[in-house]
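Printed here is work-v4.txt (compact mmCIF, C-alpha atoms):
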# COMPACT_ATOMS: atom_id res chain seq x y z
CA MET A 1 79.38 129.07 98.68
CA SER A 2 83.16 129.16 98.46
CA ASP A 3 84.96 131.66 96.20
CA GLU A 4 87.25 128.85 95.01
CA SER A 5 86.71 127.38 91.58
CA PRO A 6 84.71 124.12 91.85
CA GLN A 7 87.68 121.99 90.73
CA TYR A 8 89.97 123.26 93.50
CA LEU A 9 87.17 123.13 96.05
CA VAL A 10 86.52 119.44 95.28
CA ALA A 11 90.25 118.70 95.54
CA HIS A 12 90.56 120.46 98.90
CA LEU A 13 87.46 118.84 100.38
CA ARG A 14 88.37 115.33 99.17
CA ARG A 15 91.84 115.66 100.61
CA ALA A 16 90.43 116.91 103.88
CA LEU A 17 88.15 113.87 104.19
CA ALA A 18 91.03 111.51 103.35
CA GLU A 19 93.72 113.13 105.47
CA HIS A 20 91.86 114.49 108.50
CA PRO A 21 92.35 112.02 111.38
CA ARG A 22 88.69 112.32 112.33
CA THR A 23 87.53 110.97 108.96
CA ALA A 24 90.32 109.17 107.03
CA GLU A 25 87.71 108.40 104.38
CA LEU A 26 88.99 107.76 100.86
CA GLY A 27 85.71 106.23 99.72
CA VAL A 28 83.54 109.34 99.74
CA ARG A 29 82.71 111.18 96.54
CA VAL A 30 82.60 114.97 96.58
CA ASN A 31 80.65 116.75 93.85
CA VAL A 32 79.99 120.46 93.51
CA ARG A 33 76.59 121.10 91.92
CA GLY A 34 75.21 124.60 91.78
CA ASP A 35 75.93 126.28 95.09
CA ALA A 36 76.20 123.11 97.16
CA VAL A 37 78.54 120.19 97.80
CA HIS A 38 77.07 116.69 97.54
CA LEU A 39 78.69 113.74 99.32
CA SER A 40 78.06 110.12 98.33
CA GLY A 41 79.54 106.74 99.15
CA GLU A 42 79.52 104.53 102.19
CA VAL A 43 81.06 104.56 105.68
CA ALA A 44 81.09 102.07 108.54
CA SER A 45 78.95 103.87 111.13
CA GLU A 46 76.46 106.70 111.73
CA GLN A 47 79.15 108.52 113.71
CA ARG A 48 81.51 108.51 110.72
CA ARG A 49 78.72 109.79 108.49
CA ALA A 50 78.18 112.70 110.88
CA ASP A 51 81.95 113.32 111.13
CA LEU A 52 82.07 114.08 107.39
CA ASP A 53 79.87 117.14 107.97
CA VAL A 54 81.93 118.24 110.98
CA VAL A 55 85.27 118.08 109.14
CA LEU A 56 83.99 119.78 106.00
CA HIS A 57 82.41 122.52 108.10
CA GLU A 58 85.79 123.03 109.78
CA VAL A 59 87.72 123.41 106.53
CA ALA A 60 85.00 125.21 104.52
CA PRO A 61 82.42 126.74 106.88
CA GLN A 62 80.72 128.69 104.09
CA VAL A 63 79.87 125.61 102.01
CA VAL A 64 76.38 124.06 101.98
CA ILE A 65 76.70 120.27 102.30
CA HIS A 66 74.22 117.62 101.23
CA ASN A 67 75.41 114.41 102.87
CA ASP A 68 73.99 111.43 100.93
CA VAL A 69 76.58 108.99 102.29
CA ARG A 70 75.04 105.73 103.50
CA VAL A 71 76.10 103.49 106.36
CA ALA A 72 77.40 100.00 105.51
CA ASP A 73 74.84 97.21 105.25
CA CYS A 74 75.99 94.45 107.60
CA ARG A 75 73.30 91.87 106.98
CA GLU A 76 73.94 88.28 105.89
CA PRO A 77 74.13 87.77 102.12
CA SER A 78 70.89 86.56 100.56
CA GLN A 79 72.50 84.25 98.02
CA ARG A 80 75.71 82.41 97.12
CA GLU A 81 77.37 82.63 93.72
CA GLU A 82 78.29 79.19 92.39
CA LEU A 83 81.55 79.26 90.42
CA ARG A 84 81.75 76.10 88.33
CA MET B 17 81.90 72.23 97.00
CA ILE B 18 83.98 74.59 99.10
CA ARG B 19 82.01 77.59 100.35
CA ILE B 20 84.06 80.77 100.61
CA ALA B 21 82.90 83.88 102.44
CA ALA B 22 84.83 87.06 101.79
CA VAL B 23 84.73 90.74 102.67
CA GLY B 24 87.16 93.63 102.53
CA ASP B 25 87.31 97.23 103.66
CA VAL B 26 85.31 96.81 106.85
CA HIS B 27 87.32 99.70 108.38
CA LEU B 28 86.58 98.77 111.96
CA GLY B 29 87.07 100.98 114.98
CA GLU B 30 85.49 101.35 118.39
CA ASP B 31 82.48 103.16 116.87
CA ALA B 32 81.76 100.22 114.57
CA ARG B 33 82.41 97.43 117.08
CA GLY B 34 79.97 94.53 116.85
CA ARG B 35 78.22 95.70 113.67
CA LEU B 36 79.24 92.61 111.68
CA ARG B 37 78.83 90.20 114.54
CA PRO B 38 75.11 89.30 114.12
CA ALA B 39 75.84 88.12 110.56
CA LEU B 40 79.16 86.51 111.51
CA ASP B 41 77.44 84.49 114.23
CA LYS B 42 75.63 82.67 111.39
CA LEU B 43 78.75 82.32 109.22
CA GLY B 44 78.87 78.54 109.66
CA GLU B 45 75.55 78.26 107.77
CA HIS B 46 77.08 80.04 104.77
CA ALA B 47 80.76 79.17 104.48
CA ASP B 48 83.71 76.88 105.20
CA VAL B 49 86.28 79.69 105.34
CA LEU B 50 86.24 83.48 105.69
CA LEU B 51 88.68 85.60 103.68
CA LEU B 52 89.37 89.21 104.67
CA ALA B 53 90.65 91.33 101.78
CA GLY B 54 92.41 94.05 103.77
CA ASP B 55 91.52 97.42 105.32
CA LEU B 56 90.29 95.86 108.51
CA THR B 57 90.97 99.19 110.22
CA ARG B 58 90.60 102.87 109.37
CA HIS B 59 93.81 104.45 110.70
CA GLY B 60 95.89 101.29 111.06
CA THR B 61 96.17 101.57 114.85
CA LEU B 62 96.50 98.72 117.31
CA ASP B 63 93.30 99.84 119.07
CA GLU B 64 91.36 99.46 115.83
CA ALA B 65 93.09 96.15 115.13
CA ARG B 66 91.90 94.89 118.53
CA VAL B 67 88.33 95.70 117.50
CA ALA B 68 88.87 93.79 114.25
CA ALA B 69 90.43 90.85 116.10
CA ASP B 70 87.43 90.73 118.46
CA GLU B 71 84.97 91.04 115.60
CA PHE B 72 86.44 88.01 113.78
CA ALA B 73 87.35 85.94 116.85
CA ASP B 74 85.81 82.58 117.79
CA LEU B 75 84.16 81.96 114.42
CA PRO B 76 83.20 78.42 113.40
CA VAL B 77 85.41 78.53 110.28
CA PRO B 78 89.07 79.45 109.64
CA VAL B 79 89.70 83.14 109.00
CA VAL B 80 92.44 84.20 106.56
CA ALA B 81 93.37 87.84 106.00
CA VAL B 82 95.65 90.21 104.14
CA LEU B 83 96.18 93.76 105.31
CA GLY B 84 95.34 96.84 103.26
CA ASN B 85 96.71 100.34 102.85
CA HIS B 86 94.66 101.69 105.79
CA ASP B 87 96.18 98.98 108.00
CA HIS B 88 99.61 100.40 107.11
CA HIS B 89 98.75 104.04 107.84
CA SER B 90 100.23 104.13 111.37
CA ASP B 91 103.35 102.16 110.42
CA VAL B 92 102.52 99.28 112.78
CA ALA B 93 101.37 96.74 110.19
CA ASP B 94 103.62 94.00 111.57
CA ASP B 95 102.19 94.51 115.06
CA ILE B 96 98.66 94.45 113.67
CA ALA B 97 99.40 91.19 111.87
CA LYS B 98 100.78 89.67 115.08
CA LEU B 99 97.78 90.85 117.10
CA LEU B 100 95.40 89.25 114.59
CA GLU B 101 97.48 86.06 114.47
CA ASP B 102 97.33 85.85 118.27
CA GLN B 103 93.53 85.83 117.94
CA GLY B 104 93.70 82.91 115.51
CA ILE B 105 93.40 84.87 112.25
CA ARG B 106 95.94 83.74 109.63
CA VAL B 107 97.50 86.86 108.12
CA LEU B 108 99.17 86.36 104.74
CA GLU B 109 101.76 88.61 103.11
CA GLY B 110 103.57 86.82 100.33
CA THR B 111 102.65 83.58 102.06
CA ALA B 112 100.06 80.84 101.67
CA THR B 113 97.97 78.59 103.85
CA THR B 114 96.03 75.39 103.17
CA ILE B 115 92.67 74.57 104.70
CA ASP B 116 91.08 71.14 104.71
CA VAL B 117 87.36 71.19 103.90
CA ASP B 118 85.71 67.75 103.99
CA GLY B 119 88.80 66.11 102.50
CA GLN B 120 89.38 68.79 99.86
CA ARG B 121 92.33 71.12 100.26
CA LEU B 122 91.84 74.82 99.63
CA GLY B 123 95.05 76.80 99.21
CA VAL B 124 95.00 80.55 99.77
CA ALA B 125 97.94 82.74 98.78
CA GLY B 126 97.78 86.31 99.98
CA VAL B 127 99.52 89.62 99.56
CA LYS B 128 98.52 93.25 100.05
CA GLY B 129 99.61 94.12 96.52
CA PHE B 130 99.98 97.72 95.41
CA GLY B 131 99.04 100.24 92.74
CA GLY B 132 100.89 100.85 89.51
CA GLY B 133 98.16 100.64 86.91
CA PHE B 134 97.23 98.32 84.12
CA ALA B 135 98.74 97.33 80.82
CA GLY B 136 99.32 100.32 78.57
CA LYS B 137 98.39 102.81 81.29
CA CYS B 138 100.81 101.97 84.07
CA ALA B 139 103.74 103.41 85.92
CA SER B 140 107.25 102.58 84.73
CA ARG B 141 110.35 102.04 86.82
CA PHE B 142 112.02 105.18 85.47
CA GLY B 143 113.07 108.63 86.60
CA GLU B 144 113.00 109.89 90.16
CA ARG B 145 114.00 107.67 93.05
CA GLU B 146 110.45 108.02 94.43
CA MET B 147 108.94 106.75 91.18
CA LYS B 148 111.30 103.79 91.02
CA GLY B 149 110.53 103.04 94.67
CA PHE B 150 106.80 103.06 93.90
CA VAL B 151 107.12 100.62 91.01
CA ASP B 152 109.65 98.48 92.89
CA HIS B 153 106.99 97.90 95.56
CA THR B 154 104.43 97.01 92.85
CA ILE B 155 106.78 94.43 91.34
CA ASP B 156 108.03 93.12 94.68
CA ARG B 157 104.52 92.42 96.01
CA ALA B 158 103.42 90.77 92.75
CA ASP B 159 106.52 88.55 92.85
CA ALA B 160 105.65 87.67 96.46
CA LEU B 161 102.17 86.57 95.34
CA ARG B 162 103.67 84.52 92.49
CA SER B 163 106.02 82.79 94.91
CA ALA B 164 103.24 82.13 97.46
CA LEU B 165 101.00 80.64 94.76
CA ALA B 166 103.84 78.36 93.64
CA ASP B 167 104.12 77.01 97.19
CA ILE B 168 100.51 75.81 97.33
CA ASP B 169 99.82 72.09 97.13
CA ALA B 170 96.02 71.91 97.09
CA ASP B 171 92.95 70.91 95.11
CA MET B 172 91.80 74.51 94.64
CA ARG B 173 93.65 77.82 94.81
CA VAL B 174 92.52 81.29 95.76
CA ALA B 175 94.58 84.47 95.40
CA LEU B 176 93.70 86.99 98.11
CA THR B 177 94.84 90.61 97.69
CA HIS B 178 93.79 94.06 98.81
CA TYR B 179 94.67 95.86 95.58
CA SER B 180 93.00 94.76 92.36
CA PRO B 181 94.68 92.49 89.78
CA ILE B 182 92.44 93.72 86.94
CA PRO B 183 90.79 97.01 85.85
CA GLU B 184 87.39 95.40 85.21
CA THR B 185 86.35 95.29 88.88
CA LEU B 186 87.27 98.97 89.21
CA ARG B 187 84.47 100.13 86.88
CA GLY B 188 82.65 102.88 88.72
CA GLU B 189 85.87 104.39 90.03
CA PRO B 190 87.35 107.36 88.14
CA PRO B 191 89.73 105.91 85.49
CA GLU B 192 92.30 108.53 86.51
CA ILE B 193 92.88 106.74 89.83
CA TYR B 194 93.05 103.15 88.54
CA ALA B 195 96.84 103.31 88.93
CA PHE B 196 96.33 103.72 92.69
CA LEU B 197 93.83 100.87 92.92
CA GLY B 198 95.73 97.97 91.47
CA CYS B 199 98.29 96.73 88.98
CA TYR B 200 98.51 94.32 86.09
CA GLN B 201 101.48 92.55 87.69
CA LEU B 202 99.14 90.94 90.25
CA GLY B 203 96.95 89.65 87.41
CA GLU B 204 100.01 88.35 85.60
CA ALA B 205 101.11 86.39 88.68
CA ILE B 206 97.60 84.96 89.05
CA ASP B 207 97.43 83.94 85.39
CA GLU B 208 100.80 82.19 85.61
CA SER B 209 99.48 79.94 88.38
CA GLU B 210 96.49 77.61 88.46
CA VAL B 211 94.17 79.92 90.36
CA ASP B 212 90.45 79.18 90.67
CA LEU B 213 89.37 82.50 92.15
CA ALA B 214 90.94 85.87 92.90
CA ILE B 215 89.50 88.00 95.71
CA HIS B 216 90.34 91.66 96.33
CA GLY B 217 88.97 94.81 97.96
CA HIS B 218 90.11 98.47 98.01
CA ALA B 219 87.82 99.82 95.25
CA HIS B 220 84.72 101.03 97.12
CA PHE B 221 83.04 102.36 93.97
CA GLY B 222 84.08 99.41 91.77
CA CYS B 223 81.98 96.41 90.82
CA GLU B 224 82.02 92.83 92.05
CA GLN B 225 82.72 90.72 88.99
CA GLY B 226 85.62 90.53 86.58
CA VAL B 227 87.94 88.08 84.81
CA THR B 228 91.71 88.16 84.33
CA PRO B 229 93.15 88.10 80.79
CA GLY B 230 93.89 84.40 81.45
CA GLY B 231 90.28 83.63 82.41
CA VAL B 232 90.45 83.55 86.22
CA ARG B 233 87.31 84.84 87.94
CA VAL B 234 87.95 87.95 90.06
CA ARG B 235 85.62 89.27 92.77
CA ASN B 236 85.86 92.69 94.39
CA VAL B 237 84.48 92.14 97.91
CA ALA B 238 84.90 95.69 99.25
CA GLN B 239 81.97 96.00 101.63
CA PRO B 240 80.45 99.02 99.87
CA VAL B 241 80.38 96.90 96.68
CA ILE B 242 78.87 93.69 98.08
CA ARG B 243 76.48 95.59 100.40
CA SER B 244 76.36 92.84 103.03
CA ALA B 245 78.49 91.56 105.91
CA PHE B 246 80.26 89.18 103.49
CA ALA B 247 79.78 87.67 100.04
CA THR B 248 79.75 83.92 99.49
CA TYR B 249 81.07 81.85 96.61
CA GLY B 250 80.85 78.12 95.96
CA LEU B 251 83.97 76.60 94.38
CA GLY B 252 83.91 73.19 92.71
CA GLU B 253 81.21 70.53 92.57

Could you quickly redo this structure as structure tokens?
Amino acid sequence: MSDESPQYLVAHLRRALAEHPRTAELGVRVNVRGDAVHLSGEVASEQRRADLDVVLHEVAPQVVIHNDVRVADCREPSQREELR
Amino acid sequence: MIRIAAVGDVHLGEDARGRLRPALDKLGEHADVLLLAGDLTRHGTLDEARVAADEFADLPVPVVAVLGNHDHHSDVADDIAKLLEDQGIRVLEGTATTIDVDGQRLGVAGVKGFGGGFAGKCASRFGEREMKGFVDHTIDRADALRSALADIDADMRVALTHYSPIPETLRGEPPEIYAFLGCYQLGEAIDESEVDLAIHGHAHFGCEQGVTPGGVRVRNVAQPVIRSAFATYGLGE
């Protein structure tokens, strides 16, 4: 686990995911719980989900990451909302 | 009834090419028009825009888009808009378009919009040059939407933005970042016009449904929110 306080660690990891060219993900939540970092949210492909781990390992190699991010559901909608 | 399909924040790139296409190939069964609420790309590059243009090309219904903040990231937003237009996608930015659906005219006014925050908790045009520049962009884009809405001559009107016009559809996002997700000025412009539906994206952790202070239905169609290739809405009888 990082020696940084959890608040600064979250800030650094979130910025890394947003600003690193490999990820550019602003829609991923970063939470520090216990001695691990949990990621949640949604990305457009399996590759991008895997890239989150790669980038975070680059910027904070000592941190344990639980990647709960899901890949976007691209199925047809099951119903239409009628706005009358 | 006019059937509207809408999605935002698809963030396409070569690695996501074709993922929406199986659903889009059946779009004609669901909708009369497809609205794209910005963030078609991830880094705002022309290569990513080409993937987006291919993804939404040759559909059986008109496609109308606004760009989002990601589409501006590489400072080639105008080129992206032209590339999409060349593929038949109508890209709006302070402009409007009208679509004929079985004799009914649907007007769509679009603008990217910007942040700034919501009534009582918003940025003011005061202080540093950077702060005034930020709020100037908020006001300028809202005025552009107002002007585009005024130009519409149609039976029904839709306002299409990337940023949110209300805080209600941001619920789920941290309140501290609402000021970066939308602004009340967009809602004000919508409420001053006769708008039937407002569509936006941008807030991945927000929720789908909201209403402006003036009673206009708002839908956040960011793909992580709608959890499908597109959402569909029926307007009118």

### Task
Using only C-alpha atoms, find which residues of chain A lie within 6 Å of chain B and jot them down as a list of chain:residue names.
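Using only C-alpha atoms, chain A residues at most 6 Å from chain B: A:Gly27, A:Ser45, A:Asp73, A:Cys74, A:Arg75, A:Glu76, A:Pro77, A:Arg80, A:Glu81, A:Glu82, A:Leu83, A:Arg84.
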
### Task
Find, counting all atoms listed in the file, the residue in A:Gly41, A:Glu4, A:Ala50, A:Arg22 that gets nearest to Gly222 (chain B).
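Among the listed residues, A:Gly41 lies closest to Gly222 (chain B).
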
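Going from CA of Gly60 (chain B) to CA of Asn85 (chain B) covers 8.3 Å.
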
### Query
Got a sec: who's within 10 Å of Pro6 (chain A), counting all atoms listed in the file, leaving out chain neighbours fewer than 6 positions off, as JSON, numbers by chain?
{"A": [12, 31, 32, 33, 34, 35, 37]}

Create the file for the chosen residues now, containing C-alpha atoms and written as a PDB file, in the coordinates of the input.
ATOM      1  CA  HIS A  12      90.560 120.460  98.900  1.00  0.00           C
ATOM      2  CA  ASN A  31      80.650 116.750  93.850  1.00  0.00           C
ATOM      3  CA  VAL A  32      79.990 120.460  93.510  1.00  0.00           C
ATOM      4  CA  ARG A  33      76.590 121.100  91.920  1.00  0.00           C
ATOM      5  CA  GLY A  34      75.210 124.600  91.780  1.00  0.00           C
ATOM      6  CA  ASP A  35      75.930 126.280  95.090  1.00  0.00           C
ATOM      7  CA  VAL A  37      78.540 120.190  97.800  1.00  0.00           C
TER       8      VAL A  37
END

### Message
Can you tell me which residues surround Asp95 (chain B) at a distance of at most 12 Å, considering all atoms listed in the file, apart from same-chain residues fewer than 5 positions away, and format the answer as a list in words?
### Response
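Contacts, in chain order: Gly60, Thr61, Leu62, Asp63, Glu64, Ala65, Arg66, Leu83, Asp87, His88, Ser90, Leu100, Glu101, Asp102 and Val107 of chain B.
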
### Task
Have a look at CA of Val67 (chain B) and CA of Ile96 (chain B) and let me know their distance in Å, one decimal.
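Separating CA of Val67 (chain B) from CA of Ile96 (chain B) is a distance of 11.1 Å.
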
### Task
Could you please determine the separation between CA of Asp159 (chain B) and CA of Ser140 (chain B) in Å, to one decimal place?
16.2 Å

#### Entry: Protein/DNA/RNA residues near (75.0, 105.2, 105.1), cut 9 Å, all atoms listed in the file, as JSON, numbers by chain
{"A": [40, 41, 42, 43, 44, 45, 46, 49, 68, 69, 70, 71, 72, 73]}

### Pick from A:Ala16, A:Ala24, A:Ala11, A:Ala36, whichever lies nearest to Arg48 (chain A) using all atoms listed in the file
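Residue with the minimum atom-to-atom distance to Arg48 (chain A): A:Ala24.
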
I'd like the contact shell of Leu202 (chain B) - 12 Å cut-off, only C-alpha atoms, skipping same-chain residues fewer than 5 positions apart - returned as a PDB file with C-alpha atoms, in the coordinates of the input.
ATOM      1  CA  GLY B 110     103.570  86.820 100.330  1.00  0.00           C
ATOM      2  CA  ALA B 125      97.940  82.740  98.780  1.00  0.00           C
ATOM      3  CA  GLY B 126      97.780  86.310  99.980  1.00  0.00           C
ATOM      4  CA  VAL B 127      99.520  89.620  99.560  1.00  0.00           C
ATOM      5  CA  LYS B 128      98.520  93.250 100.050  1.00  0.00           C
ATOM      6  CA  GLY B 129      99.610  94.120  96.520  1.00  0.00           C
ATOM      7  CA  PHE B 130      99.980  97.720  95.410  1.00  0.00           C
ATOM      8  CA  GLY B 131      99.040 100.240  92.740  1.00  0.00           C
ATOM      9  CA  GLY B 132     100.890 100.850  89.510  1.00  0.00           C
ATOM     10  CA  GLY B 133      98.160 100.640  86.910  1.00  0.00           C
ATOM     11  CA  PHE B 134      97.230  98.320  84.120  1.00  0.00           C
ATOM     12  CA  ALA B 135      98.740  97.330  80.820  1.00  0.00           C
ATOM     13  CA  HIS B 153     106.990  97.900  95.560  1.00  0.00           C
ATOM     14  CA  THR B 154     104.430  97.010  92.850  1.00  0.00           C
ATOM     15  CA  ILE B 155     106.780  94.430  91.340  1.00  0.00           C
ATOM     16  CA  ASP B 156     108.030  93.120  94.680  1.00  0.00           C
ATOM     17  CA  ARG B 157     104.520  92.420  96.010  1.00  0.00           C
ATOM     18  CA  ALA B 158     103.420  90.770  92.750  1.00  0.00           C
ATOM     19  CA  ASP B 159     106.520  88.550  92.850  1.00  0.00           C
ATOM     20  CA  ALA B 160     105.650  87.670  96.460  1.00  0.00           C
ATOM     21  CA  LEU B 161     102.170  86.570  95.340  1.00  0.00           C
ATOM     22  CA  ARG B 162     103.670  84.520  92.490  1.00  0.00           C
ATOM     23  CA  SER B 163     106.020  82.790  94.910  1.00  0.00           C
ATOM     24  CA  LEU B 165     101.000  80.640  94.760  1.00  0.00           C
ATOM     25  CA  ALA B 175      94.580  84.470  95.400  1.00  0.00           C
ATOM     26  CA  LEU B 176      93.700  86.990  98.110  1.00  0.00           C
ATOM     27  CA  THR B 177      94.840  90.610  97.690  1.00  0.00           C
ATOM     28  CA  HIS B 178      93.790  94.060  98.810  1.00  0.00           C
ATOM     29  CA  TYR B 179      94.670  95.860  95.580  1.00  0.00           C
ATOM     30  CA  SER B 180      93.000  94.760  92.360  1.00  0.00           C
ATOM     31  CA  PRO B 181      94.680  92.490  89.780  1.00  0.00           C
ATOM     32  CA  ILE B 182      92.440  93.720  86.940  1.00  0.00           C
ATOM     33  CA  PRO B 183      90.790  97.010  85.850  1.00  0.00           C
ATOM     34  CA  LEU B 197      93.830 100.870  92.920  1.00  0.00           C
ATOM     35  CA  ASP B 207      97.430  83.940  85.390  1.00  0.00           C
ATOM     36  CA  GLU B 208     100.800  82.190  85.610  1.00  0.00           C
ATOM     37  CA  SER B 209      99.480  79.940  88.380  1.00  0.00           C
ATOM     38  CA  ALA B 214      90.940  85.870  92.900  1.00  0.00           C
ATOM     39  CA  ILE B 215      89.500  88.000  95.710  1.00  0.00           C
ATOM     40  CA  HIS B 216      90.340  91.660  96.330  1.00  0.00           C
ATOM     41  CA  THR B 228      91.710  88.160  84.330  1.00  0.00           C
ATOM     42  CA  PRO B 229      93.150  88.100  80.790  1.00  0.00           C
ATOM     43  CA  VAL B 234      87.950  87.950  90.060  1.00  0.00           C
TER      44      VAL B 234
END

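Between Asp53 (chain A) and the candidates A:Arg29, A:His66, A:Arg15, A:His20, the tightest atom-to-atom separation, counting all atoms listed in the file, involves A:His66.
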
### Message
With distances taken over only C-alpha atoms, which residue among A:Asp51, A:Val10, A:Thr23, A:Val28 lies nearest Val63 (chain A)?
### Response
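Checking each of A:Asp51, A:Val10, A:Thr23, A:Val28 against Val63 (chain A), counting only C-alpha atoms, the winner is A:Val10.
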
### Query
Which residue, A:Val59, A:Asp3, A:Val54, A:Asn67, has the smallest gap to Val30 (chain A) when you use only C-alpha atoms?
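Among the listed residues, A:Asn67 lies closest to Val30 (chain A).
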
Using the file's own x, y and z axes, so that the box edges lie along x, y and z, what centre and edge lengths in Å (one decimal) does a box around every listed atom of region 11-14 of chain A get when 5 Å is added on each side? Give it as JSON.
{"center_x": 89.0, "center_y": 117.9, "center_z": 98.0, "size_x": 13.1, "size_y": 15.1, "size_z": 14.8}
